[in-house]
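Novice: File start-v2.cif follows (mmCIF, C-alpha atoms):
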data_model
#
loop_
_atom_site.group_PDB
_atom_site.id
_atom_site.type_symbol
_atom_site.label_atom_id
_atom_site.label_comp_id
_atom_site.auth_asym_id
_atom_site.auth_seq_id
_atom_site.Cartn_x
_atom_site.Cartn_y
_atom_site.Cartn_z
ATOM 1 C CA MET K 1 -19.956 -11.563 -1.496
ATOM 2 C CA GLN K 2 -21.883 -8.765 0.192
ATOM 3 C CA ARG K 3 -19.286 -6.547 1.871
ATOM 4 C CA ILE K 4 -15.589 -6.567 0.949
ATOM 5 C CA ILE K 5 -12.332 -4.792 1.730
ATOM 6 C CA VAL K 6 -9.786 -3.926 -0.973
ATOM 7 C CA THR K 7 -6.258 -2.716 -0.250
ATOM 8 C CA GLY K 8 -4.441 -1.176 -3.204
ATOM 9 C CA ALA K 9 -7.843 0.141 -4.221
ATOM 10 C CA THR K 10 -6.530 2.733 -6.690
ATOM 11 C CA SER K 11 -4.171 0.349 -8.486
ATOM 12 C CA MET K 12 -5.054 -0.801 -11.997
ATOM 13 C CA ILE K 13 -6.545 -4.100 -10.817
ATOM 14 C CA GLY K 14 -7.942 -2.678 -7.578
ATOM 15 C CA ALA K 15 -9.897 0.019 -9.424
ATOM 16 C CA ALA K 16 -11.175 -2.472 -12.015
ATOM 17 C CA LEU K 17 -12.228 -4.933 -9.297
ATOM 18 C CA ILE K 18 -14.077 -2.236 -7.350
ATOM 19 C CA LYS K 19 -15.893 -1.025 -10.462
ATOM 20 C CA GLU K 20 -17.064 -4.589 -11.148
ATOM 21 C CA CYS K 21 -18.167 -5.149 -7.552
ATOM 22 C CA ILE K 22 -20.114 -1.877 -7.404
ATOM 23 C CA LYS K 23 -21.938 -2.946 -10.583
ATOM 24 C CA LYS K 24 -22.912 -6.155 -8.785
ATOM 25 C CA GLY K 25 -24.271 -4.257 -5.771
ATOM 26 C CA ILE K 26 -21.464 -5.275 -3.421
ATOM 27 C CA GLU K 27 -20.491 -2.880 -0.629
ATOM 28 C CA VAL K 28 -16.794 -1.973 -0.818
ATOM 29 C CA TYR K 29 -14.333 -0.555 1.694
ATOM 30 C CA ALA K 30 -11.512 0.862 -0.427
ATOM 31 C CA VAL K 31 -8.266 1.199 1.530
ATOM 32 C CA ILE K 32 -5.897 3.913 0.286
ATOM 33 C CA ARG K 33 -3.075 6.049 1.626
ATOM 34 C CA ALA K 34 -4.228 9.351 3.101
ATOM 35 C CA SER K 35 -1.729 11.125 0.854
ATOM 36 C CA SER K 36 -2.959 9.429 -2.314
ATOM 37 C CA GLY K 37 -3.989 11.701 -5.146
ATOM 38 C CA LYS K 38 -5.734 8.865 -6.969
ATOM 39 C CA LYS K 39 -9.158 8.876 -5.302
ATOM 40 C CA MET K 40 -10.670 10.039 -8.592
ATOM 41 C CA ARG K 41 -10.004 6.583 -9.986
ATOM 42 C CA LEU K 42 -12.802 5.181 -7.811
ATOM 43 C CA PRO K 43 -16.474 5.360 -8.827
ATOM 44 C CA GLU K 44 -18.955 7.532 -6.974
ATOM 45 C CA SER K 45 -21.407 5.237 -5.227
ATOM 46 C CA GLU K 46 -23.239 4.890 -1.948
ATOM 47 C CA LYS K 47 -21.810 1.367 -1.903
ATOM 48 C CA LEU K 48 -18.226 2.678 -1.764
ATOM 49 C CA HIS K 49 -16.483 3.741 1.441
ATOM 50 C CA ILE K 50 -12.955 5.150 1.287
ATOM 51 C CA VAL K 51 -10.710 4.332 4.248
ATOM 52 C CA ASP K 52 -7.379 6.094 4.744
ATOM 53 C CA CYS K 53 -4.782 3.577 5.905
ATOM 54 C CA SER K 54 -1.213 2.804 4.824
ATOM 55 C CA LEU K 55 0.362 -0.622 4.449
ATOM 56 C CA GLU K 56 2.292 -0.017 7.653
ATOM 57 C CA GLU K 57 -0.950 0.534 9.597
ATOM 58 C CA LEU K 58 -3.192 -2.273 8.331
ATOM 59 C CA GLU K 59 -3.804 -3.713 11.791
ATOM 60 C CA ALA K 60 -5.587 -0.447 12.690
ATOM 61 C CA LEU K 61 -8.335 -1.117 10.124
ATOM 62 C CA PRO K 62 -10.721 -2.798 12.609
ATOM 63 C CA GLN K 63 -10.940 0.545 14.409
ATOM 64 C CA LYS K 64 -11.833 2.282 11.128
ATOM 65 C CA ILE K 65 -14.305 -0.269 9.721
ATOM 66 C CA THR K 66 -17.106 -1.044 12.140
ATOM 67 C CA GLU K 67 -19.137 -3.480 10.025
ATOM 68 C CA LYS K 68 -18.373 -7.164 9.577
ATOM 69 C CA CYS K 69 -17.015 -7.993 6.116
ATOM 70 C CA ASP K 70 -16.865 -11.324 4.271
ATOM 71 C CA THR K 71 -13.942 -11.045 1.809
ATOM 72 C CA PHE K 72 -10.565 -9.305 2.039
ATOM 73 C CA TYR K 73 -8.680 -8.533 -1.186
ATOM 74 C CA HIS K 74 -5.055 -7.648 -0.487
ATOM 75 C CA ILE K 75 -3.754 -6.047 -3.679
ATOM 76 C CA ALA K 76 -1.522 -3.342 -2.172
ATOM 77 C CA TRP K 77 2.211 -3.938 -2.501
ATOM 78 C CA GLY K 78 5.110 -1.734 -1.513
ATOM 79 C CA ASN K 79 8.053 -0.869 -3.781
ATOM 80 C CA THR K 80 6.604 -1.597 -7.208
ATOM 81 C CA GLY K 81 7.431 -0.255 -10.666
ATOM 82 C CA GLU K 82 10.510 -0.628 -12.822
ATOM 83 C CA ASN K 83 12.901 -0.445 -9.829
ATOM 84 C CA ARG K 84 11.053 -3.037 -7.779
ATOM 85 C CA ASN K 85 14.040 -5.412 -7.737
ATOM 86 C CA SER K 86 16.569 -2.826 -6.611
ATOM 87 C CA SER K 87 16.216 -3.732 -2.928
ATOM 88 C CA THR K 88 15.720 -7.198 -1.467
ATOM 89 C CA GLU K 89 15.118 -5.700 1.975
ATOM 90 C CA LEU K 90 12.325 -3.398 0.754
ATOM 91 C CA GLN K 91 10.608 -6.256 -1.063
ATOM 92 C CA SER K 92 10.810 -8.463 2.025
ATOM 93 C CA ARG K 93 8.689 -5.962 3.975
ATOM 94 C CA ASN K 94 5.731 -6.972 1.848
ATOM 95 C CA ILE K 95 5.719 -10.386 3.493
ATOM 96 C CA ALA K 96 4.982 -8.776 6.873
ATOM 97 C CA TYR K 97 2.373 -6.499 5.277
ATOM 98 C CA THR K 98 0.624 -9.548 3.803
ATOM 99 C CA LEU K 99 0.519 -11.365 7.137
ATOM 100 C CA ALA K 100 -0.770 -8.196 8.804
ATOM 101 C CA ALA K 101 -3.506 -8.109 6.166
ATOM 102 C CA VAL K 102 -4.482 -11.712 6.977
ATOM 103 C CA LYS K 103 -4.739 -10.924 10.691
ATOM 104 C CA THR K 104 -6.748 -7.806 9.916
ATOM 105 C CA ALA K 105 -9.113 -9.777 7.679
ATOM 106 C CA TYR K 106 -9.690 -12.211 10.526
ATOM 107 C CA ALA K 107 -10.345 -9.392 12.995
ATOM 108 C CA LEU K 108 -12.941 -7.939 10.611
ATOM 109 C CA GLY K 109 -14.808 -11.237 10.388
ATOM 110 C CA CYS K 110 -13.789 -12.138 6.841
ATOM 111 C CA ARG K 111 -14.150 -15.766 5.822
ATOM 112 C CA ARG K 112 -11.955 -15.431 2.723
ATOM 113 C CA PHE K 113 -8.583 -13.810 1.971
ATOM 114 C CA ILE K 114 -7.473 -13.190 -1.626
ATOM 115 C CA GLY K 115 -3.961 -11.995 -2.437
ATOM 116 C CA ALA K 116 -2.167 -10.701 -5.507
ATOM 117 C CA GLY K 117 0.612 -13.023 -6.600
ATOM 118 C CA SER K 118 2.710 -12.760 -9.754
ATOM 119 C CA GLN K 119 4.047 -14.782 -12.648
ATOM 120 C CA ALA K 120 7.459 -13.699 -11.281
ATOM 121 C CA GLU K 121 7.031 -16.465 -8.693
ATOM 122 C CA TYR K 122 7.785 -19.013 -11.428
ATOM 123 C CA GLY K 123 10.992 -17.460 -12.686
ATOM 124 C CA PRO K 124 11.996 -17.729 -16.378
ATOM 125 C CA MET K 125 10.354 -20.724 -18.067
ATOM 126 C CA ASP K 126 10.226 -21.886 -21.678
ATOM 127 C CA VAL K 127 6.923 -23.756 -21.874
ATOM 128 C CA ASP K 128 3.766 -23.253 -23.939
ATOM 129 C CA LYS K 129 1.719 -22.364 -20.865
ATOM 130 C CA ILE K 130 2.471 -21.827 -17.192
ATOM 131 C CA SER K 131 -0.059 -23.467 -14.903
ATOM 132 C CA PRO K 132 -0.774 -23.046 -11.186
ATOM 133 C CA ASP K 133 1.140 -26.287 -10.603
ATOM 134 C CA SER K 134 4.223 -25.325 -12.615
ATOM 135 C CA PRO K 135 7.480 -25.351 -10.593
ATOM 136 C CA VAL K 136 8.199 -22.106 -8.760
ATOM 137 C CA ASN K 137 11.744 -20.756 -8.882
ATOM 138 C CA PRO K 138 11.759 -16.962 -8.528
ATOM 139 C CA THR K 139 14.969 -15.227 -9.569
ATOM 140 C CA THR K 140 14.131 -11.700 -8.345
ATOM 141 C CA PRO K 141 13.425 -10.178 -4.916
ATOM 142 C CA TYR K 142 9.937 -9.253 -6.136
ATOM 143 C CA GLY K 143 9.134 -12.808 -7.225
ATOM 144 C CA ALA K 144 10.593 -14.316 -4.050
ATOM 145 C CA ALA K 145 8.585 -11.928 -1.836
ATOM 146 C CA LYS K 146 5.389 -12.730 -3.731
ATOM 147 C CA LEU K 147 5.976 -16.468 -3.380
ATOM 148 C CA ALA K 148 6.779 -16.282 0.336
ATOM 149 C CA SER K 149 3.793 -14.028 0.961
ATOM 150 C CA GLY K 150 1.419 -16.456 -0.732
ATOM 151 C CA GLN K 151 2.758 -19.501 1.070
ATOM 152 C CA LEU K 152 2.745 -17.884 4.503
ATOM 153 C CA ALA K 153 -0.665 -16.276 3.974
ATOM 154 C CA ARG K 154 -2.090 -19.693 3.205
ATOM 155 C CA MET K 155 -0.560 -21.148 6.379
ATOM 156 C CA LEU K 156 -1.773 -18.312 8.592
ATOM 157 C CA CYS K 157 -5.268 -18.445 7.101
ATOM 158 C CA LYS K 158 -5.407 -22.150 7.909
ATOM 159 C CA GLU K 159 -4.393 -21.451 11.517
ATOM 160 C CA LEU K 160 -7.149 -18.826 11.786
ATOM 161 C CA GLY K 161 -9.808 -20.863 10.024
ATOM 162 C CA MET K 162 -10.092 -18.638 6.948
ATOM 163 C CA GLU K 163 -10.118 -19.521 3.267
ATOM 164 C CA CYS K 164 -7.160 -18.347 1.185
ATOM 165 C CA ILE K 165 -6.819 -17.942 -2.577
ATOM 166 C CA TRP K 166 -3.653 -16.770 -4.316
ATOM 167 C CA PRO K 167 -4.100 -15.532 -7.909
ATOM 168 C CA ARG K 168 -0.869 -15.062 -9.862
ATOM 169 C CA ILE K 169 -1.133 -12.098 -12.208
ATOM 170 C CA PHE K 170 0.533 -12.228 -15.621
ATOM 171 C CA SER K 171 0.698 -9.194 -17.967
ATOM 172 C CA VAL K 172 -2.241 -6.834 -17.467
ATOM 173 C CA TYR K 173 -2.517 -3.589 -19.459
ATOM 174 C CA GLY K 174 -5.070 -0.822 -19.822
ATOM 175 C CA ILE K 175 -6.740 1.771 -17.621
ATOM 176 C CA TYR K 176 -4.431 3.100 -14.863
ATOM 177 C CA GLU K 177 -1.468 0.961 -15.952
ATOM 178 C CA LYS K 178 1.920 2.190 -14.737
ATOM 179 C CA GLU K 179 3.392 4.518 -17.360
ATOM 180 C CA THR K 180 6.735 2.671 -17.490
ATOM 181 C CA THR K 181 5.391 -0.569 -18.990
ATOM 182 C CA MET K 182 5.845 -1.485 -22.637
ATOM 183 C CA VAL K 183 2.212 -0.947 -23.593
ATOM 184 C CA ALA K 184 1.625 2.230 -21.555
ATOM 185 C CA SER K 185 4.848 3.987 -22.526
ATOM 186 C CA GLY K 186 4.592 2.836 -26.133
ATOM 187 C CA LEU K 187 1.034 4.104 -26.550
ATOM 188 C CA ARG K 188 1.852 7.478 -25.022
ATOM 189 C CA LYS K 189 4.837 7.968 -27.313
ATOM 190 C CA MET K 190 2.943 6.842 -30.402
ATOM 191 C CA LEU K 191 0.042 9.206 -29.648
ATOM 192 C CA ALA K 192 2.503 12.063 -29.112
ATOM 193 C CA GLY K 193 4.281 11.341 -32.393
ATOM 194 C CA GLU K 194 7.493 10.393 -30.606
ATOM 195 C CA LYS K 195 9.878 7.645 -31.721
ATOM 196 C CA THR K 196 9.577 4.289 -30.025
ATOM 197 C CA SER K 197 12.273 1.659 -29.723
ATOM 198 C CA PHE K 198 11.607 -1.982 -29.056
ATOM 199 C CA THR K 199 13.567 -5.225 -29.193
ATOM 200 C CA PRO K 200 13.052 -7.539 -32.201
ATOM 201 C CA ALA K 201 9.887 -8.411 -30.207
ATOM 202 C CA LEU K 202 9.827 -12.104 -30.993
ATOM 203 C CA GLN K 203 8.843 -12.927 -27.424
ATOM 204 C CA ARG K 204 5.628 -14.921 -27.099
ATOM 205 C CA TRP K 205 3.424 -13.008 -24.672
ATOM 206 C CA ASP K 206 0.027 -13.130 -22.928
ATOM 207 C CA TYR K 207 -1.808 -9.816 -22.360
ATOM 208 C CA LEU K 208 -5.050 -9.278 -20.407
ATOM 209 C CA PHE K 209 -7.054 -6.033 -20.417
ATOM 210 C CA SER K 210 -7.552 -4.367 -17.026
ATOM 211 C CA ALA K 211 -11.362 -4.631 -17.052
ATOM 212 C CA ASP K 212 -11.072 -8.374 -17.664
ATOM 213 C CA ALA K 213 -8.563 -8.658 -14.805
ATOM 214 C CA GLY K 214 -10.991 -6.875 -12.488
ATOM 215 C CA ARG K 215 -13.775 -9.243 -13.508
ATOM 216 C CA ALA K 216 -11.501 -12.245 -12.974
ATOM 217 C CA TYR K 217 -10.778 -11.031 -9.445
ATOM 218 C CA TYR K 218 -14.483 -10.519 -8.777
ATOM 219 C CA LEU K 219 -15.260 -14.064 -9.950
ATOM 220 C CA ILE K 220 -12.446 -15.496 -7.826
ATOM 221 C CA GLY K 221 -14.053 -13.867 -4.794
ATOM 222 C CA GLU K 222 -17.463 -15.261 -5.688
ATOM 223 C CA LYS K 223 -16.601 -18.742 -6.915
ATOM 224 C CA GLY K 224 -12.897 -19.475 -6.328
ATOM 225 C CA LYS K 225 -11.923 -22.567 -4.347
ATOM 226 C CA ASP K 226 -10.202 -22.429 -0.976
ATOM 227 C CA GLY K 227 -6.461 -23.044 -1.243
ATOM 228 C CA ALA K 228 -6.373 -22.506 -4.995
ATOM 229 C CA VAL K 229 -3.665 -20.778 -6.973
ATOM 230 C CA TYR K 230 -4.992 -19.266 -10.198
ATOM 231 C CA CYS K 231 -3.073 -17.912 -13.173
ATOM 232 C CA VAL K 232 -4.703 -14.631 -14.229
ATOM 233 C CA GLY K 233 -4.121 -13.933 -17.907
ATOM 234 C CA SER K 234 -5.884 -14.239 -21.239
ATOM 235 C CA GLY K 235 -4.773 -17.829 -21.757
ATOM 236 C CA LYS K 236 -3.568 -16.958 -25.264
ATOM 237 C CA ALA K 237 -0.192 -15.743 -26.505
ATOM 238 C CA ALA K 238 1.109 -13.935 -29.586
ATOM 239 C CA LEU K 239 4.431 -12.494 -30.652
ATOM 240 C CA LEU K 240 5.198 -9.172 -29.000
ATOM 241 C CA LYS K 241 5.706 -7.610 -32.434
ATOM 242 C CA ASP K 242 2.082 -8.434 -33.302
ATOM 243 C CA TYR K 243 0.883 -6.468 -30.267
ATOM 244 C CA ILE K 244 3.159 -3.536 -31.122
ATOM 245 C CA GLU K 245 1.900 -3.463 -34.711
ATOM 246 C CA ILE K 246 -1.702 -3.250 -33.449
ATOM 247 C CA MET K 247 -0.699 -0.376 -31.164
ATOM 248 C CA ALA K 248 0.943 1.444 -34.084
ATOM 249 C CA GLU K 249 -2.050 0.863 -36.357
ATOM 250 C CA LEU K 250 -4.587 2.190 -33.832
ATOM 251 C CA THR K 251 -2.512 5.237 -32.877
ATOM 252 C CA GLY K 252 -1.550 6.070 -36.454
ATOM 253 C CA ALA K 253 2.168 5.743 -35.749
ATOM 254 C CA GLU K 254 4.206 5.642 -38.946
ATOM 255 C CA GLU K 255 7.022 3.516 -37.490
ATOM 256 C CA THR K 256 6.908 0.768 -34.883
ATOM 257 C CA GLY K 257 10.500 0.938 -33.645
ATOM 258 C CA ILE K 258 10.659 -2.859 -33.624
ATOM 259 C CA GLY K 259 14.282 -4.067 -33.572
ATOM 260 C CA ALA K 260 15.724 -0.689 -32.554
ATOM 261 C CA ARG K 261 17.370 -2.139 -29.455
ATOM 262 C CA PRO K 262 18.625 -5.550 -28.328
ATOM 263 C CA TYR K 263 16.949 -7.888 -25.893
ATOM 264 C CA PRO K 264 17.886 -7.141 -22.275
ATOM 265 C CA GLU K 265 19.944 -9.696 -20.397
ATOM 266 C CA GLY K 266 17.755 -12.543 -19.144
ATOM 267 C CA ALA K 267 14.748 -11.537 -21.268
ATOM 268 C CA VAL K 268 11.742 -13.826 -20.809
ATOM 269 C CA MET K 269 10.883 -15.147 -24.277
ATOM 270 C CA ASN K 270 7.798 -17.245 -23.567
ATOM 271 C CA LEU K 271 5.025 -16.220 -21.175
ATOM 272 C CA CYS K 272 1.470 -17.529 -21.372
ATOM 273 C CA ALA K 273 -0.961 -18.305 -18.562
ATOM 274 C CA ASP K 274 -2.881 -21.559 -18.294
ATOM 275 C CA ILE K 275 -6.276 -20.284 -17.117
ATOM 276 C CA SER K 276 -8.089 -23.620 -17.424
ATOM 277 C CA SER K 277 -8.595 -24.048 -13.663
ATOM 278 C CA LEU K 278 -9.684 -20.404 -13.318
ATOM 279 C CA THR K 279 -12.261 -20.917 -16.067
ATOM 280 C CA ALA K 280 -13.431 -24.272 -14.696
ATOM 281 C CA ASP K 281 -13.917 -22.962 -11.145
ATOM 282 C CA THR K 282 -15.248 -19.457 -11.822
ATOM 283 C CA GLY K 283 -16.431 -19.353 -15.437
ATOM 284 C CA PHE K 284 -13.957 -16.601 -16.315
ATOM 285 C CA VAL K 285 -13.337 -16.048 -20.020
ATOM 286 C CA PRO K 286 -11.774 -12.779 -21.280
ATOM 287 C CA GLU K 287 -14.249 -10.480 -23.020
ATOM 288 C CA TYR K 288 -11.727 -8.149 -24.671
ATOM 289 C CA THR K 289 -9.372 -8.886 -27.530
ATOM 290 C CA PHE K 290 -6.053 -7.028 -27.420
ATOM 291 C CA ARG K 291 -7.273 -4.749 -30.211
ATOM 292 C CA GLU K 292 -10.455 -3.883 -28.271
ATOM 293 C CA GLY K 293 -8.518 -3.269 -25.067
ATOM 294 C CA ILE K 294 -6.052 -0.972 -26.833
ATOM 295 C CA ARG K 295 -8.930 1.006 -28.370
ATOM 296 C CA GLU K 296 -10.412 1.495 -24.884
ATOM 297 C CA THR K 297 -7.024 2.495 -23.496
ATOM 298 C CA ILE K 298 -6.425 5.022 -26.288
ATOM 299 C CA THR K 299 -9.867 6.563 -25.655
ATOM 300 C CA TRP K 300 -9.022 6.832 -21.958
ATOM 301 C CA LEU K 301 -5.665 8.462 -22.715
ATOM 302 C CA LYS K 302 -7.206 10.922 -25.180
ATOM 303 C CA THR K 303 -9.989 11.992 -22.817
ATOM 304 C CA GLY K 304 -7.663 13.088 -20.032
ATOM 305 C CA ASN K 305 -7.684 9.674 -18.388
ATOM 306 C CA THR K 306 -11.405 9.876 -17.660
ATOM 307 C CA GLY K 307 -12.789 7.755 -20.483
ATOM 308 C CA GLU K 308 -15.061 4.883 -19.501
ATOM 309 C CA THR K 309 -14.738 1.288 -20.632
ATOM 310 C CA LYS K 310 -17.668 -0.729 -21.861
#
Starting from the file, lay out its structure as structure tokens.
Specialist:
Amino acid sequence: MQRIIVTGATSMIGAALIKECIKKGIEVYAVIRASSGKKMRLPESEKLHIVDCSLEELEALPQKITEKCDTFYHIAWGNTGENRNSSTELQSRNIAYTLAAVKTAYALGCRRFIGAGSQAEYGPMDVDKISPDSPVNPTTPYGAAKLASGQLARMLCKELGMECIWPRIFSVYGIYEKETTMVASGLRKMLAGEKTSFTPALQRWDYLFSADAGRAYYLIGEKGKDGAVYCVGSGKAALLKDYIEIMAELTGAEETGIGARPYPEGAVMNLCADISSLTADTGFVPEYTFREGIRETITWLKTGNTGETK
């Protein structure tokens, strides 16, 4: 890769990807909303160009980017967060946004399109590891929209003569994570000395640190195979209570709050990514343990969200 475009540039994975690409000397066009207050998340570099453009206006990008690019990362997604499944209609709009991104990538001369799928495309499963070839059966509007977007993007890319790769993201935590997630909200409360309340936390879970996720996305752009679906995770799972206990230890929290509330209806009890094809094709292996990633995240939180990762 020499010159890339990234939508959703200020998201957790977008920012981590861009940081990795800048380190590698790759020129980046970072696409963000004009109203976004998150530009500070992006590194200062002569290799970085910020482009104001909303999801609804993606097809206008060729008028804003005059140079030919080689890879288009479409990470932006509308209607995310804890209420992302409250509206099927709002989630369905992301399918059109994804196809608009494919057409825009083609217009900008890109040879490769890389999306941002989700483990939600599989639906609840009780297996040791979920692989790219595991059956897909989404049970939420978010998962269904991700699945449809990936399938249609692949078809449109084939029509246009572009390569298409669809990574499916599992549980990523760390720098710039949404504050409503278990790790982000738990860490903030523990650092503030507030009580936390978790389920019995016997779920078996796979967590990947944000910097590792960014590096995985970089490697997919460099070495991923056309048409591939990759599971993006650590490839290892532990009980959720083990993760919470590490969080409590590193923040100095006296109580963990484990078992303070029941499992929610339909709780996923087993979630681990099979990253064997990702490793075989790209060489990706996580560099951070959960303990190391939490230390980095705590440093970032304590330094006014400006701390650097290694």
Novice: Just checking: using all atoms listed in the file, which residue out of K:Gly186, K:Thr199, K:Leu42, K:Asp226 ends up closest to K:Ala248?
Specialist: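 For K:Ala248, the nearest of the candidates is K:Gly186.
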Novice: Evaluate the PyMOL selection byres ((chain K and resi 96) around 10) on the structure here and hand back the selected residues as a ChimeraX atom specification.
Specialist: /K:55-56,92-95,97-102,145,149,152-153
Novice: Would you save the residues of that selection, restricted to C-alpha atoms, as a PDB file, keeping the file's coordinate frame?
Specialist:
ATOM      1  CA  LEU K  55       0.362  -0.622   4.449  1.00  0.00           C
ATOM      2  CA  GLU K  56       2.292  -0.017   7.653  1.00  0.00           C
ATOM      3  CA  SER K  92      10.810  -8.463   2.025  1.00  0.00           C
ATOM      4  CA  ARG K  93       8.689  -5.962   3.975  1.00  0.00           C
ATOM      5  CA  ASN K  94       5.731  -6.972   1.848  1.00  0.00           C
ATOM      6  CA  ILE K  95       5.719 -10.386   3.493  1.00  0.00           C
ATOM      7  CA  TYR K  97       2.373  -6.499   5.277  1.00  0.00           C
ATOM      8  CA  THR K  98       0.624  -9.548   3.803  1.00  0.00           C
ATOM      9  CA  LEU K  99       0.519 -11.365   7.137  1.00  0.00           C
ATOM     10  CA  ALA K 100      -0.770  -8.196   8.804  1.00  0.00           C
ATOM     11  CA  ALA K 101      -3.506  -8.109   6.166  1.00  0.00           C
ATOM     12  CA  VAL K 102      -4.482 -11.712   6.977  1.00  0.00           C
ATOM     13  CA  ALA K 145       8.585 -11.928  -1.836  1.00  0.00           C
ATOM     14  CA  SER K 149       3.793 -14.028   0.961  1.00  0.00           C
ATOM     15  CA  LEU K 152       2.745 -17.884   4.503  1.00  0.00           C
ATOM     16  CA  ALA K 153      -0.665 -16.276   3.974  1.00  0.00           C
TER      17      ALA K 153
END
Novice: Using all atoms listed in the file, which of the listed residues (K:Thr181, K:Val127, K:Ile275, K:Asp133) sits closest to K:Asn83?
Specialist: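 Closest residue, counting all atoms listed in the file: K:Thr181.
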Novice: Just the residues within 12 Å of K:Gly221, please, counting all atoms listed in the file, with nothing from its chain fewer than 5 positions along; format it as JSON, numbers by chain.
Specialist: {"K": [1, 2, 3, 4, 5, 6, 17, 18, 20, 21, 26, 70, 71, 72, 73, 74, 110, 111, 112, 113, 114, 115, 163, 164, 165, 166, 167, 214, 215, 216, 226, 228, 230, 278, 281, 282, 284]}
Novice: Carefully work through the PyMOL selection byres ((chain K and resi 191) around 10) for this structure and note down the residues it includes, as a ChimeraX atom specification.
Specialist: /K:186-190,192-194,247-248,250-253,298,301-302
Novice: Store the residues picked out above in a file with C-alpha atoms, as a short mmCIF file (atom, residue, chain, number, x, y, z; two decimals), keeping the file's coordinate frame.
Specialist:
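Resulting contents of result33.cif:
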data_model
loop_
_atom_site.label_atom_id
_atom_site.label_comp_id
_atom_site.auth_asym_id
_atom_site.auth_seq_id
_atom_site.Cartn_x
_atom_site.Cartn_y
_atom_site.Cartn_z
CA GLY K 186 4.59 2.84 -26.13
CA LEU K 187 1.03 4.10 -26.55
CA ARG K 188 1.85 7.48 -25.02
CA LYS K 189 4.84 7.97 -27.31
CA MET K 190 2.94 6.84 -30.40
CA ALA K 192 2.50 12.06 -29.11
CA GLY K 193 4.28 11.34 -32.39
CA GLU K 194 7.49 10.39 -30.61
CA MET K 247 -0.70 -0.38 -31.16
CA ALA K 248 0.94 1.44 -34.08
CA LEU K 250 -4.59 2.19 -33.83
CA THR K 251 -2.51 5.24 -32.88
CA GLY K 252 -1.55 6.07 -36.45
CA ALA K 253 2.17 5.74 -35.75
CA ILE K 298 -6.42 5.02 -26.29
CA LEU K 301 -5.66 8.46 -22.72
CA LYS K 302 -7.21 10.92 -25.18
#
Novice: Could you check which of K:Gly257, K:Gly123, K:Gly233, K:Gly78 is closest to K:Met269, using only C-alpha atoms?
Specialist: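 Once distances to K:Met269 are computed over only C-alpha atoms, the minimum belongs to K:Gly123.
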Novice: For each of K:Thr196, K:Ser118, K:Thr180, K:Thr104, take the minimum atom-to-atom distance to K:Met162, counting only C-alpha atoms, then give the residue where this is smallest.
Specialist: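 Closest candidate: K:Thr104.
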Novice: Let me know the residues the PyMOL selection byres ((chain K and resi 237) around 10) catches in the file above, as an NGL selection string.
Specialist: :K and (128-129 or 203-207 or 233-236 or 238-240 or 270-273)
Novice: Given the choices K:Gly143, K:Pro200, K:Gly224, K:Gly81, which gets closest to K:Pro262 if the distance is worked out from only C-alpha atoms?
Specialist: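 Nearest candidate to K:Pro262 out of K:Gly143, K:Pro200, K:Gly224, K:Gly81: K:Pro200.
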Novice: For stretch 167-171 of chain K, what centre and edge lengths in Å (one decimal) does the axis-aligned box get once 5 Å is added on each side of all its listed atoms, as AutoDock Vina command-line options?
Specialist:
--center_x -1.7 --center_y -12.4 --center_z -12.9 --size_x 14.8 --size_y 16.3 --size_z 20.1
Novice: Select, from K:Leu147, K:Ala201, K:Ile246, K:Met40, the residue with the minimum atom-to-atom distance to K:Glu121, counting all atoms listed in the file.
Specialist: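 Comparing K:Leu147, K:Ala201, K:Ile246, K:Met40 against K:Glu121, the winner is K:Leu147.
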Novice: Excluding same-chain residues fewer than 5 positions from K:Thr7, what lies within 6 Å of it counting only C-alpha atoms, as a ChimeraX atom specification?
Specialist: /K:31,74-76
Novice: Which value, in Å to one decimal, gives the distance between atom CA of K:Tyr106 and atom CA of K:Glu46?
Specialist: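 Atom CA of K:Glu46 lies at a distance of 25.1 Å from atom CA of K:Tyr106.
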Novice: Set the distance at 10 Å and use only C-alpha atoms: which residues neighbour K:Tyr288 once local chain neighbours fewer than 2 positions away are removed? I'd like the list as an NGL selection string.
Specialist: :K and (208-212 or 234 or 285-286 or 290-294 or 296 or 310)
Novice: Give me, please, the distance in Å between atom CA of K:Lys241 and atom CA of K:Val268, quoted to one decimal.
Specialist: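 Calculated distance between atom CA of K:Lys241 and atom CA of K:Val268 is 14.5 Å.
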Novice: Between atom CA of K:Val232 and atom CA of K:Ile169, what is the distance, to one decimal in Å?
Specialist: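 Spanning atom CA of K:Val232 to atom CA of K:Ile169 is a straight-line distance of 4.8 Å.
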